[in-house]
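Asks: My questions will all concern the structure given below.
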Amino acid sequence: MFQIYYDHAARAKDDILSGLTVAFALVPEAVAFAFVAGVNPLVGLYGAFLMGLVTSLVGGRPGMISGATGSMAVVMVALVAQHGVEYLFAAIVLTGILQMIFGGLKFGKYIRMVPYPVMLGFVNGLAIVIFLAQMEQFKIEGTDGVMHWLSGAPMFTMLGLVALTMAIMFFLPKVTRAIPAGLAAIITISLIVIFGGLDTKSVGDIADISGGFPAFHIPSVPFNLETLWIILPYAVILAGVALIESLLTMTVVDEMTGTRGQGNRVSIGQGLANTVNGFFGGMGGCAMIGQTMINVSSGGLRNLSGIAAALFLLVFIMFASGLIAMVPVAALVGLMFMVVIGTFEWGSFNLLKKIPPEDSFVGILVAVVTVFTDLATAVIIGVIATALVFAWQQARHIYTIKEDNSDGSRVYRVHGPLFFASAHRFAELFDPEQDPDEVYIDCAMSRIADHSAIEAIDNLAERYKKAGKKLHLVHLSPECRKLLTTAAELVEVNIKEDPQYHIADDKLA
């Protein structure tokens, strides 16, 4: 009994300390994404707090951290600029409703259709995005109002603190895991800067994060169809971006922990969190792979870690904004650099020579598109590219074996699937002018898959008809026969029923 209690207490301690580490990392990210979206920093912080709390309470993926994200912020900026923040809150409410409908209809399972090269490109692209986002912390606003790179002593101080943070996070776990390495690094670097009197950028230099508990607030927008048509396109895009990023992050956590998340439950949790956000003045969000990596690597494998991170963030906002303001940005940058190193699939370089070049192309394509656009666009393009590559490969595999029968007829035994990509190649395999009067197409080793296949067969039949010859289809699978029978008005082919064979039995009734 005492051992069980000790194990539970140890796991709870890991979750709470991991949540504290994540809360530190959430502050600059939420503030930065709020600036990207064009809203007050508190709107981003409230969004991170509510996303993390609600998704963890309603049973989101254990270990996964949700908050305000850049992929959604870049979609929000146009809405905020054109119509104001109240329309954003209304759009976030609708976004959440759409996500809950998605989860309720059990569409989360379709995340399994995302190919592994796309997943690899998504993870690598996101690591690059996280890395590039940290570069802004190495800049300072000049007297001309333009951001300039740090130079001289400030740059060396920043680089030294970042390197020390990374060193602590790398070596401390080899000594002890009693405290998360990220939290130890943040505390150590903060003490060095404060007591050493080092002049370096702190969280307080980015924004004032002090505030109160988020208050319930119905978005101040006209409740009419005009408002709906304004917010609906943004809500659909936001819902899609959030679900893709959240479900892919869930898959990454699944691989890291050797467990399996529930996509539909995650979708519903994300939707409820976004709906609550819209009514409490938050900018909404989705799963954050960077903070999730920090959480999982720090031992936060249960929902308690997400709840702890959200509550610590609220404490920072309400009571400890002055202390958090003193945390050096360099410590947080070093923390995120370690996340980048842990997130990037370095083994993918070795795979380049071991996997088909088409898969390598898709992975690189997704990574590049992720860097220059957003995650949702990259994943969609990756899935489409994979499907087109697959279709092209399958289209090249269709061929026929020609045989002549003693009665003068000819049989073409088709091998490979007949569908939109192989339809043109299929038409080139036959010679109506030179073929005999009776021609059979044996489909035992083929499959008629779609409308393009039906049209290809009909066009071929028309060519034989003009040549004064007859075309027959034999050995169709039940699915193919049903498809062609349904499309009988479109197809002028004699579909031969396969002969029925019966087993001889000497036991007569």
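Chain labels run A, B, ... following the order of the structure tokens; each chain numbers its residues from 1, and ligands are numbered from 1 in the order shown.
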Applying 9 Å and only C-alpha atoms, which residues near Leu50 in chain A remain after dropping the ones on its own chain fewer than 6 positions away? List them as a PyMOL selection string.
Replies: chain A and resi 66-67+273-274+276-277+280+282+284+310
Asks: If you run DSSP on the backbone, which residues of range 204-440 of chain A are alpha helix (DSSP H), as a count of residues only?
Replies: 144
Asks: What lies within 10 Å of Thr21 in chain A using only C-alpha atoms, ignoring chain neighbours under 6 positions off, as a list in words?
Replies: Asp15, Ile179, Pro180, Ala181, Gly182, Leu183, Ala184, Ala185, Ile186, Ile187, Gln291, Ile294, Asn295, Ser298, Ser305, Ala308, Ala309, Phe312, Leu332 and Leu335 of chain A
Asks: For the interface of range 117-204 of chain A with range 28-31 of chain A (cut-off 10 Å, counting only C-alpha atoms), please tabulate each contacting residue of range 117-204 of chain A alongside its nearest pair of atoms and their separation in Å to one decimal, rows sorted by chain and increasing number, as CSV.
Replies:
```
residue,atom,partner,partner_atom,distance
A:Ala133,CA,A:Glu29,CA,9.3
A:Gln134,CA,A:Glu29,CA,9.7
A:Ser202,CA,A:Pro28,CA,10.0
A:Val203,CA,A:Pro28,CA,6.9
A:Gly204,CA,A:Pro28,CA,9.8
```
Asks: May I have the residues within 8 Å of Val54 in chain A as an MDAnalysis selection string, using only C-alpha atoms and disregarding those fewer than 2 positions away in the same chain?
Replies: chainID A and resid 50:52 56:58 269 272:273
Asks: Go ahead and dump the residues you just picked, C-alpha atoms, as a short mmCIF file (atom, residue, chain, number, x, y, z; two decimals), in the first residue's frame.
Replies:
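Listing of again_37.cif after writing:
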```
data_model
loop_
_atom_site.label_atom_id
_atom_site.label_comp_id
_atom_site.auth_asym_id
_atom_site.auth_seq_id
_atom_site.Cartn_x
_atom_site.Cartn_y
_atom_site.Cartn_z
CA LEU A 50 -8.06 28.21 -20.80
CA MET A 51 -6.85 25.87 -23.54
CA GLY A 52 -4.52 24.04 -21.18
CA SER A 56 -6.78 18.53 -19.58
CA LEU A 57 -9.96 18.53 -17.49
CA VAL A 58 -12.21 17.03 -20.15
CA GLY A 269 -11.72 18.60 -25.88
CA LEU A 272 -14.85 22.79 -25.88
CA ALA A 273 -11.69 24.68 -24.89
#
```
Asks: Can you list, as an NGL selection string, all residues belonging to range 400-450 of chain A that DSSP tags as strand (DSSP E or B)?
Replies: :A and (400-404 or 410-418 or 438-448)
Asks: Export C-alpha atoms of the chosen residues as a compact mmCIF listing (two decimals), in the first residue's frame?
Replies:
```
# COMPACT_ATOMS: atom_id res chain seq x y z
CA THR A 400 -2.10 -7.07 -70.41
CA ILE A 401 -1.16 -10.61 -71.43
CA LYS A 402 -2.63 -11.51 -74.82
CA GLU A 403 -3.81 -15.06 -75.67
CA ASP A 404 -5.62 -16.45 -78.74
CA ARG A 410 -8.70 -13.27 -78.31
CA VAL A 411 -8.31 -12.81 -74.56
CA TYR A 412 -6.59 -9.87 -72.89
CA ARG A 413 -5.71 -10.68 -69.30
CA VAL A 414 -5.46 -7.30 -67.55
CA HIS A 415 -3.13 -6.92 -64.59
CA GLY A 416 -3.22 -3.86 -62.33
CA PRO A 417 -5.95 -1.44 -61.21
CA LEU A 418 -7.95 0.57 -63.71
CA GLU A 438 -14.68 -11.65 -80.51
CA VAL A 439 -12.48 -10.08 -77.81
CA TYR A 440 -12.55 -10.89 -74.11
CA ILE A 441 -11.05 -8.75 -71.36
CA ASP A 442 -10.25 -10.94 -68.35
CA CYS A 443 -10.41 -8.80 -65.19
CA ALA A 444 -9.49 -11.53 -62.71
CA MET A 445 -6.20 -9.75 -61.90
CA SER A 446 -7.55 -6.21 -62.21
CA ARG A 447 -10.07 -3.94 -60.55
CA ILE A 448 -12.36 -1.32 -62.05
```
Asks: Compare A:Ala330, A:Phe195, A:Leu120, A:Val77 by their minimum atom-to-atom distance to Leu352 in chain A, counting only C-alpha atoms, and give me the closest one.
Replies: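 The answer is A:Leu120, which sits nearest to Leu352 in chain A.
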Asks: Using only C-alpha atoms, determine which residues lie at most 8 Å from Leu198 in chain A, disregarding the query and same-chain residues fewer than 5 positions distant; provide the list as a list in words.
Replies: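 Once the adjacent positions are removed, what remains is Thr157, Ile192 and Val193 of chain A.
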Asks: Got a sec: who's within 9 Å of Ala242 in chain A, counting only C-alpha atoms, leaving out chain neighbours fewer than 3 positions off, as a PyMOL selection string?
Replies: chain A and resi 69+71-72+99+237-239+245-247+270+285-287+376
Asks: May I have the residues from that selection written out with N, CA and C atoms, as a compact mmCIF listing (two decimals), in the first residue's frame?
Replies:
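So the final result, stored in again34.txt, reads:
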```txt
# COMPACT_ATOMS: atom_id res chain seq x y z
N THR A 69 -1.32 29.38 -30.32
CA THR A 69 -0.31 28.92 -31.27
C THR A 69 -0.16 29.89 -32.44
N SER A 71 0.29 29.05 -35.60
CA SER A 71 -0.42 28.60 -36.80
C SER A 71 -1.84 29.17 -36.85
N MET A 72 -2.45 29.33 -35.68
CA MET A 72 -3.79 29.94 -35.65
C MET A 72 -3.71 31.46 -35.64
N GLN A 99 -15.27 22.02 -34.15
CA GLN A 99 -14.37 20.96 -33.71
C GLN A 99 -15.11 19.88 -32.91
N ILE A 237 -11.38 27.60 -41.23
CA ILE A 237 -9.92 27.48 -41.37
C ILE A 237 -9.26 27.25 -40.02
N LEU A 238 -9.69 28.01 -39.00
CA LEU A 238 -9.11 27.85 -37.66
C LEU A 238 -9.36 26.45 -37.12
N ALA A 239 -10.57 25.95 -37.33
CA ALA A 239 -10.89 24.60 -36.85
C ALA A 239 -10.02 23.56 -37.55
N GLU A 245 -3.08 20.22 -36.40
CA GLU A 245 -1.92 20.35 -35.53
C GLU A 245 -2.10 19.52 -34.25
N SER A 246 -3.30 19.51 -33.69
CA SER A 246 -3.53 18.78 -32.44
C SER A 246 -3.45 17.28 -32.65
N LEU A 247 -4.06 16.77 -33.72
CA LEU A 247 -4.07 15.34 -33.95
C LEU A 247 -2.69 14.82 -34.35
N GLN A 270 -10.57 19.88 -27.60
CA GLN A 270 -10.08 21.10 -28.22
C GLN A 270 -11.24 22.04 -28.55
N GLY A 285 -6.77 28.40 -29.42
CA GLY A 285 -5.51 27.74 -29.73
C GLY A 285 -5.68 26.27 -30.02
N CYS A 286 -4.61 25.53 -29.85
CA CYS A 286 -4.63 24.08 -30.11
C CYS A 286 -3.41 23.47 -29.42
N ALA A 287 -3.10 22.23 -29.74
CA ALA A 287 -1.94 21.57 -29.13
C ALA A 287 -0.66 22.25 -29.57
N ALA A 376 -1.16 23.42 -41.29
CA ALA A 376 -2.32 22.80 -41.94
C ALA A 376 -2.12 22.74 -43.45
```
Asks: Would you mind listing what lies within 10 Å of Gly63 in chain A as number ranges by chain, with only C-alpha atoms counted and same-chain residues fewer than 6 positions away left out?
Replies: A: 15, 18-19, 56, 250, 253-254, 257, 291-297, 299-306
Asks: Work out how far CA of Val371 in chain A is from CA of Val329 in chain A, in Å to one decimal.
Replies: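 Those two atoms sit 23.1 Å apart.
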Asks: Would you mind telling me which residue in A:Ala167, A:Gly145, A:Ser477, A:Phe35 lies nearest to Phe337 in chain A when using only C-alpha atoms?
Replies: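 The answer is A:Ala167, which sits nearest to Phe337 in chain A.
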Asks: Any idea what the distance is between CA of Phe33 in chain A and CA of Val236 in chain A?
Replies: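 Atom-to-atom, CA of Phe33 in chain A to CA of Val236 in chain A, that is 19.8 Å.
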Asks: Between CA of Pro436 in chain A and CA of Ala456 in chain A, what is the distance, to one decimal in Å?
Replies: 20.3 Å
Asks: Looking at only C-alpha atoms, which of A:Gly125, A:Ala73, A:Arg260, A:Val93 is the one that sits closest to Val366 in chain A?
Replies: A:Gly125
